[in-house]
Amino acid sequence: MTEQPASYFTDSRMSNSELRLWRQCPAKAKAVHEGRWTIEPTDAMLLGSLVDIIVTQPEQMDAFKAENPDIFTQKGELRATFKHAEVMVERLKREPVAWNMLTWGEPQKMLTGEIAKVEFKGLLDVVHPGKRIFVDLKTTRTLGDVYNDGWEKWYNRYWTQMAIYRELTRQTYGEAFEPVIVGVSSEKPPGVDGVAFSSRSQMIEDRLQMELRFIEEDIEQIMAMRTGEAEAEPCSLPTCDYCRETAGFDLKLAEM
Ligand SMILES: [Zn+2]
């Protein structure tokens, strides 16, 4: 998935990225939605965007260069940190199944629809209307398990996104398309992995439906915070850049 410009968040339609922000830190999400706070892309995010552009929209490379001059040298070549994107793409090219899925369909397709009475949008990396699948390319640090309050699969954080995108395909094409994630790691050398969220598995189907029910449960509160009817509280976590920047000084008792 390509990094989102600030306008992606100030739009009235909800997206997976914005939803995730609201769930993490409502105060930050509100600031981003109102254009008071911008999400500065990290090197990892830029590397992901770069891989995405090279694979799904190579013709957009010049526009990408113009928007991200910092990752290129004055000669217009990729800086060392980002040169690795080319190695990652070459690794993908060696896998015909993955490469065909990523390059044969309709790239960067914006779909919209209604979920829990709220307008949603999703920018899908590649859609294959004929094959009834859509593919999301993920650049990731590792294709192994990751620690997130417990060990889980590297792709576990994408269930909500896959459920939203699948629902948007159902509303757009009249049939729910099967989500597929192609992962490429930023390691040296890079690894590749593919994951199908196939509804032929009842467990996968149940989980995707559960994600939509979670949205039904918390979207009303989120929309109330968005409009200002409810207070958008800060998460106050030291890992949150917005909260570090905006929290006041708090002298508290030492804990053991
Ligand atoms: Zn926060």
# chains A, B, ... in the order shown; residues from 1 in each chain; ligands from 1
>>> closest_atom_pairs(of="chain A", to="ligand 1", cutoff="10 Å", atoms="only C-alpha atoms and all ligand atoms", output="Markdown table")
| residue | atom | partner | partner_atom_place_in_ligand_line | distance |
| --- | --- | --- | --- | --- |
| A:Leu21 | CA | ligand 1 | 1 (Zn) | 9.2 |
| A:Trp22 | CA | ligand 1 | 1 (Zn) | 9.7 |
| A:Gln24 | CA | ligand 1 | 1 (Zn) | 7.1 |
| A:Cys25 | CA | ligand 1 | 1 (Zn) | 4.4 |
| A:Pro26 | CA | ligand 1 | 1 (Zn) | 7.2 |
| A:Ala27 | CA | ligand 1 | 1 (Zn) | 6.4 |
| A:Lys28 | CA | ligand 1 | 1 (Zn) | 5.8 |
| A:Ala29 | CA | ligand 1 | 1 (Zn) | 8.6 |
| A:Glu233 | CA | ligand 1 | 1 (Zn) | 8.3 |
| A:Pro234 | CA | ligand 1 | 1 (Zn) | 4.8 |
| A:Cys235 | CA | ligand 1 | 1 (Zn) | 3.9 |
| A:Ser236 | CA | ligand 1 | 1 (Zn) | 5.0 |
| A:Leu237 | CA | ligand 1 | 1 (Zn) | 5.8 |
| A:Pro238 | CA | ligand 1 | 1 (Zn) | 8.0 |
| A:Thr239 | CA | ligand 1 | 1 (Zn) | 7.8 |
| A:Cys240 | CA | ligand 1 | 1 (Zn) | 4.6 |
| A:Asp241 | CA | ligand 1 | 1 (Zn) | 6.8 |
| A:Tyr242 | CA | ligand 1 | 1 (Zn) | 5.5 |
| A:Cys243 | CA | ligand 1 | 1 (Zn) | 4.3 |
| A:Arg244 | CA | ligand 1 | 1 (Zn) | 7.6 |
| A:Glu245 | CA | ligand 1 | 1 (Zn) | 9.3 |
| A:Thr246 | CA | ligand 1 | 1 (Zn) | 9.0 |
| A:Ala247 | CA | ligand 1 | 1 (Zn) | 9.1 |
>>> select_by_dssp(residues="region 86-172 of chain A", states="alpha helix (DSSP H)", output="ChimeraX atom specification")
/A:86-93,96-103,159-172
>>> write_last_selection(atoms="C-alpha atoms", output="compact mmCIF listing (two decimals), in the first residue's frame")
# COMPACT_ATOMS: atom_id res chain seq x y z
CA GLU A 86 15.20 -2.63 -6.56
CA VAL A 87 16.58 -5.83 -5.00
CA MET A 88 13.19 -6.49 -3.40
CA VAL A 89 11.43 -6.02 -6.73
CA GLU A 90 13.90 -8.36 -8.46
CA ARG A 91 13.12 -10.97 -5.79
CA LEU A 92 9.39 -10.66 -6.56
CA LYS A 93 10.07 -10.98 -10.27
CA PRO A 96 5.95 -15.82 -11.53
CA VAL A 97 2.77 -16.50 -9.53
CA ALA A 98 3.33 -13.47 -7.29
CA TRP A 99 4.58 -11.28 -10.11
CA ASN A 100 1.64 -12.07 -12.38
CA MET A 101 -0.86 -11.39 -9.61
CA LEU A 102 0.80 -8.04 -8.95
CA THR A 103 1.16 -6.85 -12.52
CA TRP A 159 -7.37 -8.53 8.90
CA THR A 160 -9.38 -5.31 9.31
CA GLN A 161 -8.07 -3.90 6.06
CA MET A 162 -8.79 -7.12 4.15
CA ALA A 163 -12.34 -7.26 5.59
CA ILE A 164 -13.02 -3.64 4.59
CA TYR A 165 -11.58 -4.05 1.09
CA ARG A 166 -13.43 -7.30 0.55
CA GLU A 167 -16.71 -5.64 1.53
CA LEU A 168 -15.96 -2.77 -0.88
CA THR A 169 -15.44 -5.29 -3.73
CA ARG A 170 -18.75 -6.97 -2.81
CA GLN A 171 -20.58 -3.64 -3.08
CA THR A 172 -18.74 -2.62 -6.26
>>> atom_distance(atom1="CA of Asp52 (chain A)", atom2="CA of Phe177 (chain A)")
21.0 Å
>>> closest_residue(among="A:Leu47, A:Met61, A:Ile204, A:Val118", to="Gln221 (chain A)", atoms="only C-alpha atoms")
A:Val118
>>> residues_around(residues="Val195 (chain A)", least_positions_apart="6", cutoff="7 Å", atoms="only C-alpha atoms", output="PDB file with C-alpha atoms, in the first residue's frame")
ATOM      1  CA  VAL A 180      -4.523 -11.941  -1.206  1.00  0.00           C
ATOM      2  CA  ILE A 181      -1.438 -10.432   0.394  1.00  0.00           C
ATOM      3  CA  VAL A 182       1.942 -10.711  -1.273  1.00  0.00           C
TER       4      VAL A 182
END
>>> residues_around(residues="Arg141 (chain A)", least_positions_apart="4", cutoff="8 Å", atoms="only C-alpha atoms", output="compact mmCIF listing (two decimals) with N, CA and C atoms, in the first residue's frame")
# COMPACT_ATOMS: atom_id res chain seq x y z
N SER A 185 10.01 -9.00 2.20
CA SER A 185 10.69 -8.44 3.36
C SER A 185 11.82 -7.52 2.93
N SER A 186 12.14 -6.58 3.81
CA SER A 186 13.22 -5.63 3.50
C SER A 186 14.57 -6.16 3.95
N GLU A 187 14.60 -7.44 4.31
CA GLU A 187 15.87 -8.04 4.73
C GLU A 187 16.83 -8.18 3.55
>>> atom_distance(atom1="CA of Ala85 (chain A)", atom2="CA of Tyr8 (chain A)")
24.5 Å
>>> residues_around(residues="region 62-65 of chain A", least_positions_apart="2", cutoff="10 Å", atoms="only C-alpha atoms", output="ChimeraX atom specification")
/A:49-50,53,58-60,67-72,76-78
>>> closest_residue(among="A:Gly183, A:Gly191, A:Gly150, A:Gly248", to="Gly48 (chain A)", atoms="only C-alpha atoms")
A:Gly183
>>> atom_distance(atom1="CA of Asn16 (chain A)", atom2="CA of Gly113 (chain A)")
12.5 Å
>>> closest_residue(among="A:Asp250, A:Thr112, A:Leu19, A:Val135", to="Glu220 (chain A)", atoms="only C-alpha atoms")
A:Leu19
>>> select_by_dssp(residues="region 1-246 of chain A", states="strand (DSSP E)", output="PDB file with N, CA and C atoms, in the first residue's frame")
ATOM      1  N   GLU A 106      -5.873  -4.683 -12.488  1.00  0.00           N
ATOM      2  CA  GLU A 106      -6.057  -3.230 -12.554  1.00  0.00           C
ATOM      3  C   GLU A 106      -5.385  -2.605 -11.333  1.00  0.00           C
ATOM      4  N   PRO A 107      -4.345  -1.764 -11.542  1.00  0.00           N
ATOM      5  CA  PRO A 107      -3.585  -1.237 -10.402  1.00  0.00           C
ATOM      6  C   PRO A 107      -4.238  -0.035  -9.723  1.00  0.00           C
ATOM      7  N   GLN A 108      -3.938   0.104  -8.436  1.00  0.00           N
ATOM      8  CA  GLN A 108      -4.330   1.269  -7.631  1.00  0.00           C
ATOM      9  C   GLN A 108      -5.777   1.680  -7.891  1.00  0.00           C
ATOM     10  N   LYS A 109      -6.671   0.792  -7.536  1.00  0.00           N
ATOM     11  CA  LYS A 109      -8.089   1.002  -7.782  1.00  0.00           C
ATOM     12  C   LYS A 109      -8.762   1.554  -6.520  1.00  0.00           C
ATOM     13  N   MET A 110      -9.362   2.714  -6.639  1.00  0.00           N
ATOM     14  CA  MET A 110     -10.081   3.318  -5.506  1.00  0.00           C
ATOM     15  C   MET A 110     -11.520   2.826  -5.501  1.00  0.00           C
ATOM     16  N   LEU A 111     -11.900   2.121  -4.443  1.00  0.00           N
ATOM     17  CA  LEU A 111     -13.279   1.650  -4.313  1.00  0.00           C
ATOM     18  C   LEU A 111     -13.940   2.368  -3.143  1.00  0.00           C
ATOM     19  N   THR A 112     -15.240   2.589  -3.252  1.00  0.00           N
ATOM     20  CA  THR A 112     -15.971   3.202  -2.154  1.00  0.00           C
ATOM     21  C   THR A 112     -17.200   2.366  -1.843  1.00  0.00           C
ATOM     22  N   GLY A 113     -17.741   2.536  -0.668  1.00  0.00           N
ATOM     23  CA  GLY A 113     -18.924   1.792  -0.270  1.00  0.00           C
ATOM     24  C   GLY A 113     -19.359   2.218   1.114  1.00  0.00           C
ATOM     25  N   GLU A 114     -20.378   1.553   1.635  1.00  0.00           N
ATOM     26  CA  GLU A 114     -20.902   1.923   2.948  1.00  0.00           C
ATOM     27  C   GLU A 114     -20.746   0.753   3.910  1.00  0.00           C
ATOM     28  N   ILE A 115     -20.110   1.015   5.032  1.00  0.00           N
ATOM     29  CA  ILE A 115     -19.960  -0.010   6.060  1.00  0.00           C
ATOM     30  C   ILE A 115     -20.474   0.580   7.368  1.00  0.00           C
ATOM     31  N   VAL A 118     -21.514   4.164   7.313  1.00  0.00           N
ATOM     32  CA  VAL A 118     -20.480   5.189   7.102  1.00  0.00           C
ATOM     33  C   VAL A 118     -19.840   4.961   5.731  1.00  0.00           C
ATOM     34  N   GLU A 119     -19.583   6.059   5.002  1.00  0.00           N
ATOM     35  CA  GLU A 119     -18.929   5.960   3.702  1.00  0.00           C
ATOM     36  C   GLU A 119     -17.459   5.595   3.896  1.00  0.00           C
ATOM     37  N   PHE A 120     -17.055   4.527   3.265  1.00  0.00           N
ATOM     38  CA  PHE A 120     -15.661   4.086   3.334  1.00  0.00           C
ATOM     39  C   PHE A 120     -15.027   4.171   1.956  1.00  0.00           C
ATOM     40  N   LYS A 121     -13.701   4.274   1.952  1.00  0.00           N
ATOM     41  CA  LYS A 121     -12.958   4.199   0.696  1.00  0.00           C
ATOM     42  C   LYS A 121     -11.752   3.293   0.915  1.00  0.00           C
ATOM     43  N   GLY A 122     -11.273   2.728  -0.158  1.00  0.00           N
ATOM     44  CA  GLY A 122     -10.092   1.883  -0.064  1.00  0.00           C
ATOM     45  C   GLY A 122      -9.319   1.947  -1.367  1.00  0.00           C
ATOM     46  N   LEU A 123      -8.000   2.100  -1.256  1.00  0.00           N
ATOM     47  CA  LEU A 123      -7.162   2.121  -2.447  1.00  0.00           C
ATOM     48  C   LEU A 123      -6.499   0.746  -2.573  1.00  0.00           C
ATOM     49  N   LEU A 124      -7.049  -0.067  -3.457  1.00  0.00           N
ATOM     50  CA  LEU A 124      -6.569  -1.441  -3.591  1.00  0.00           C
ATOM     51  C   LEU A 124      -5.387  -1.487  -4.561  1.00  0.00           C
ATOM     52  N   ASP A 125      -4.343  -2.204  -4.169  1.00  0.00           N
ATOM     53  CA  ASP A 125      -3.126  -2.253  -5.001  1.00  0.00           C
ATOM     54  C   ASP A 125      -3.419  -2.815  -6.387  1.00  0.00           C
ATOM     55  N   VAL A 126      -4.021  -4.012  -6.436  1.00  0.00           N
ATOM     56  CA  VAL A 126      -4.325  -4.637  -7.720  1.00  0.00           C
ATOM     57  C   VAL A 126      -5.650  -5.394  -7.605  1.00  0.00           C
ATOM     58  N   VAL A 127      -6.558  -5.153  -8.555  1.00  0.00           N
ATOM     59  CA  VAL A 127      -7.833  -5.874  -8.568  1.00  0.00           C
ATOM     60  C   VAL A 127      -7.912  -6.717  -9.837  1.00  0.00           C
ATOM     61  N   HIS A 128      -8.349  -7.969  -9.686  1.00  0.00           N
ATOM     62  CA  HIS A 128      -8.551  -8.865 -10.826  1.00  0.00           C
ATOM     63  C   HIS A 128     -10.036  -9.219 -10.901  1.00  0.00           C
ATOM     64  N   ILE A 133     -10.326 -11.811  -7.384  1.00  0.00           N
ATOM     65  CA  ILE A 133      -9.396 -11.616  -6.268  1.00  0.00           C
ATOM     66  C   ILE A 133      -8.860 -10.178  -6.307  1.00  0.00           C
ATOM     67  N   PHE A 134      -8.358  -9.719  -5.160  1.00  0.00           N
ATOM     68  CA  PHE A 134      -7.571  -8.487  -5.164  1.00  0.00           C
ATOM     69  C   PHE A 134      -6.300  -8.747  -4.365  1.00  0.00           C
ATOM     70  N   VAL A 135      -5.252  -8.023  -4.726  1.00  0.00           N
ATOM     71  CA  VAL A 135      -3.934  -8.305  -4.161  1.00  0.00           C
ATOM     72  C   VAL A 135      -3.367  -7.055  -3.510  1.00  0.00           C
ATOM     73  N   ASP A 136      -2.869  -7.202  -2.297  1.00  0.00           N
ATOM     74  CA  ASP A 136      -2.219  -6.092  -1.625  1.00  0.00           C
ATOM     75  C   ASP A 136      -0.748  -6.450  -1.440  1.00  0.00           C
ATOM     76  N   LEU A 137       0.115  -5.572  -1.880  1.00  0.00           N
ATOM     77  CA  LEU A 137       1.560  -5.796  -1.754  1.00  0.00           C
ATOM     78  C   LEU A 137       2.039  -5.158  -0.461  1.00  0.00           C
ATOM     79  N   LYS A 138       2.653  -5.958   0.387  1.00  0.00           N
ATOM     80  CA  LYS A 138       3.136  -5.443   1.667  1.00  0.00           C
ATOM     81  C   LYS A 138       4.639  -5.579   1.755  1.00  0.00           C
ATOM     82  N   THR A 139       5.274  -4.471   2.084  1.00  0.00           N
ATOM     83  CA  THR A 139       6.698  -4.506   2.385  1.00  0.00           C
ATOM     84  C   THR A 139       6.820  -4.612   3.889  1.00  0.00           C
ATOM     85  N   THR A 140       7.573  -5.576   4.354  1.00  0.00           N
ATOM     86  CA  THR A 140       7.616  -5.798   5.799  1.00  0.00           C
ATOM     87  C   THR A 140       9.043  -6.098   6.249  1.00  0.00           C
ATOM     88  N   VAL A 146       5.800 -11.854  14.495  1.00  0.00           N
ATOM     89  CA  VAL A 146       6.190 -10.602  15.133  1.00  0.00           C
ATOM     90  C   VAL A 146       5.558 -10.502  16.515  1.00  0.00           C
ATOM     91  N   TYR A 147       6.226  -9.756  17.410  1.00  0.00           N
ATOM     92  CA  TYR A 147       5.691  -9.610  18.756  1.00  0.00           C
ATOM     93  C   TYR A 147       4.774  -8.410  18.823  1.00  0.00           C
ATOM     94  N   TRP A 151       3.131 -13.359  20.294  1.00  0.00           N
ATOM     95  CA  TRP A 151       3.661 -13.617  18.952  1.00  0.00           C
ATOM     96  C   TRP A 151       2.540 -13.921  17.971  1.00  0.00           C
ATOM     97  N   GLU A 152       2.601 -13.306  16.818  1.00  0.00           N
ATOM     98  CA  GLU A 152       1.591 -13.593  15.805  1.00  0.00           C
ATOM     99  C   GLU A 152       2.189 -13.491  14.410  1.00  0.00           C
ATOM    100  N   GLU A 178     -11.709 -12.414  -3.254  1.00  0.00           N
ATOM    101  CA  GLU A 178     -10.820 -13.010  -2.255  1.00  0.00           C
ATOM    102  C   GLU A 178      -9.581 -12.140  -2.043  1.00  0.00           C
ATOM    103  N   PRO A 179      -9.324 -11.746  -0.775  1.00  0.00           N
ATOM    104  CA  PRO A 179      -8.123 -10.953  -0.510  1.00  0.00           C
ATOM    105  C   PRO A 179      -6.862 -11.816  -0.552  1.00  0.00           C
ATOM    106  N   VAL A 180      -5.831 -11.279  -1.174  1.00  0.00           N
ATOM    107  CA  VAL A 180      -4.523 -11.941  -1.206  1.00  0.00           C
ATOM    108  C   VAL A 180      -3.471 -10.915  -0.813  1.00  0.00           C
ATOM    109  N   ILE A 181      -2.565 -11.309   0.060  1.00  0.00           N
ATOM    110  CA  ILE A 181      -1.438 -10.432   0.394  1.00  0.00           C
ATOM    111  C   ILE A 181      -0.163 -11.070  -0.136  1.00  0.00           C
ATOM    112  N   VAL A 182       0.600 -10.280  -0.885  1.00  0.00           N
ATOM    113  CA  VAL A 182       1.942 -10.711  -1.273  1.00  0.00           C
ATOM    114  C   VAL A 182       2.902  -9.893  -0.417  1.00  0.00           C
ATOM    115  N   GLY A 183       3.725 -10.585   0.332  1.00  0.00           N
ATOM    116  CA  GLY A 183       4.674  -9.895   1.207  1.00  0.00           C
ATOM    117  C   GLY A 183       6.086 -10.018   0.690  1.00  0.00           C
ATOM    118  N   VAL A 184       6.840  -8.937   0.811  1.00  0.00           N
ATOM    119  CA  VAL A 184       8.270  -8.993   0.497  1.00  0.00           C
ATOM    120  C   VAL A 184       8.995  -8.328   1.664  1.00  0.00           C
ATOM    121  N   SER A 185      10.015  -8.996   2.195  1.00  0.00           N
ATOM    122  CA  SER A 185      10.687  -8.438   3.362  1.00  0.00           C
ATOM    123  C   SER A 185      11.821  -7.521   2.928  1.00  0.00           C
ATOM    124  N   VAL A 192      10.009 -13.686   0.233  1.00  0.00           N
ATOM    125  CA  VAL A 192       8.670 -13.433  -0.301  1.00  0.00           C
ATOM    126  C   VAL A 192       7.688 -14.429   0.294  1.00  0.00           C
ATOM    127  N   ASP A 193       6.424 -14.008   0.402  1.00  0.00           N
ATOM    128  CA  ASP A 193       5.400 -14.857   1.006  1.00  0.00           C
ATOM    129  C   ASP A 193       4.043 -14.440   0.429  1.00  0.00           C
ATOM    130  N   GLY A 194       3.131 -15.399   0.340  1.00  0.00           N
ATOM    131  CA  GLY A 194       1.792 -15.100  -0.152  1.00  0.00           C
ATOM    132  C   GLY A 194       0.762 -15.656   0.812  1.00  0.00           C
ATOM    133  N   VAL A 195      -0.304 -14.881   1.051  1.00  0.00           N
ATOM    134  CA  VAL A 195      -1.352 -15.315   1.971  1.00  0.00           C
ATOM    135  C   VAL A 195      -2.717 -15.064   1.348  1.00  0.00           C
ATOM    136  N   ALA A 196      -3.538 -16.117   1.243  1.00  0.00           N
ATOM    137  CA  ALA A 196      -4.899 -15.966   0.703  1.00  0.00           C
ATOM    138  C   ALA A 196      -5.882 -15.993   1.862  1.00  0.00           C
TER     139      ALA A 196
END
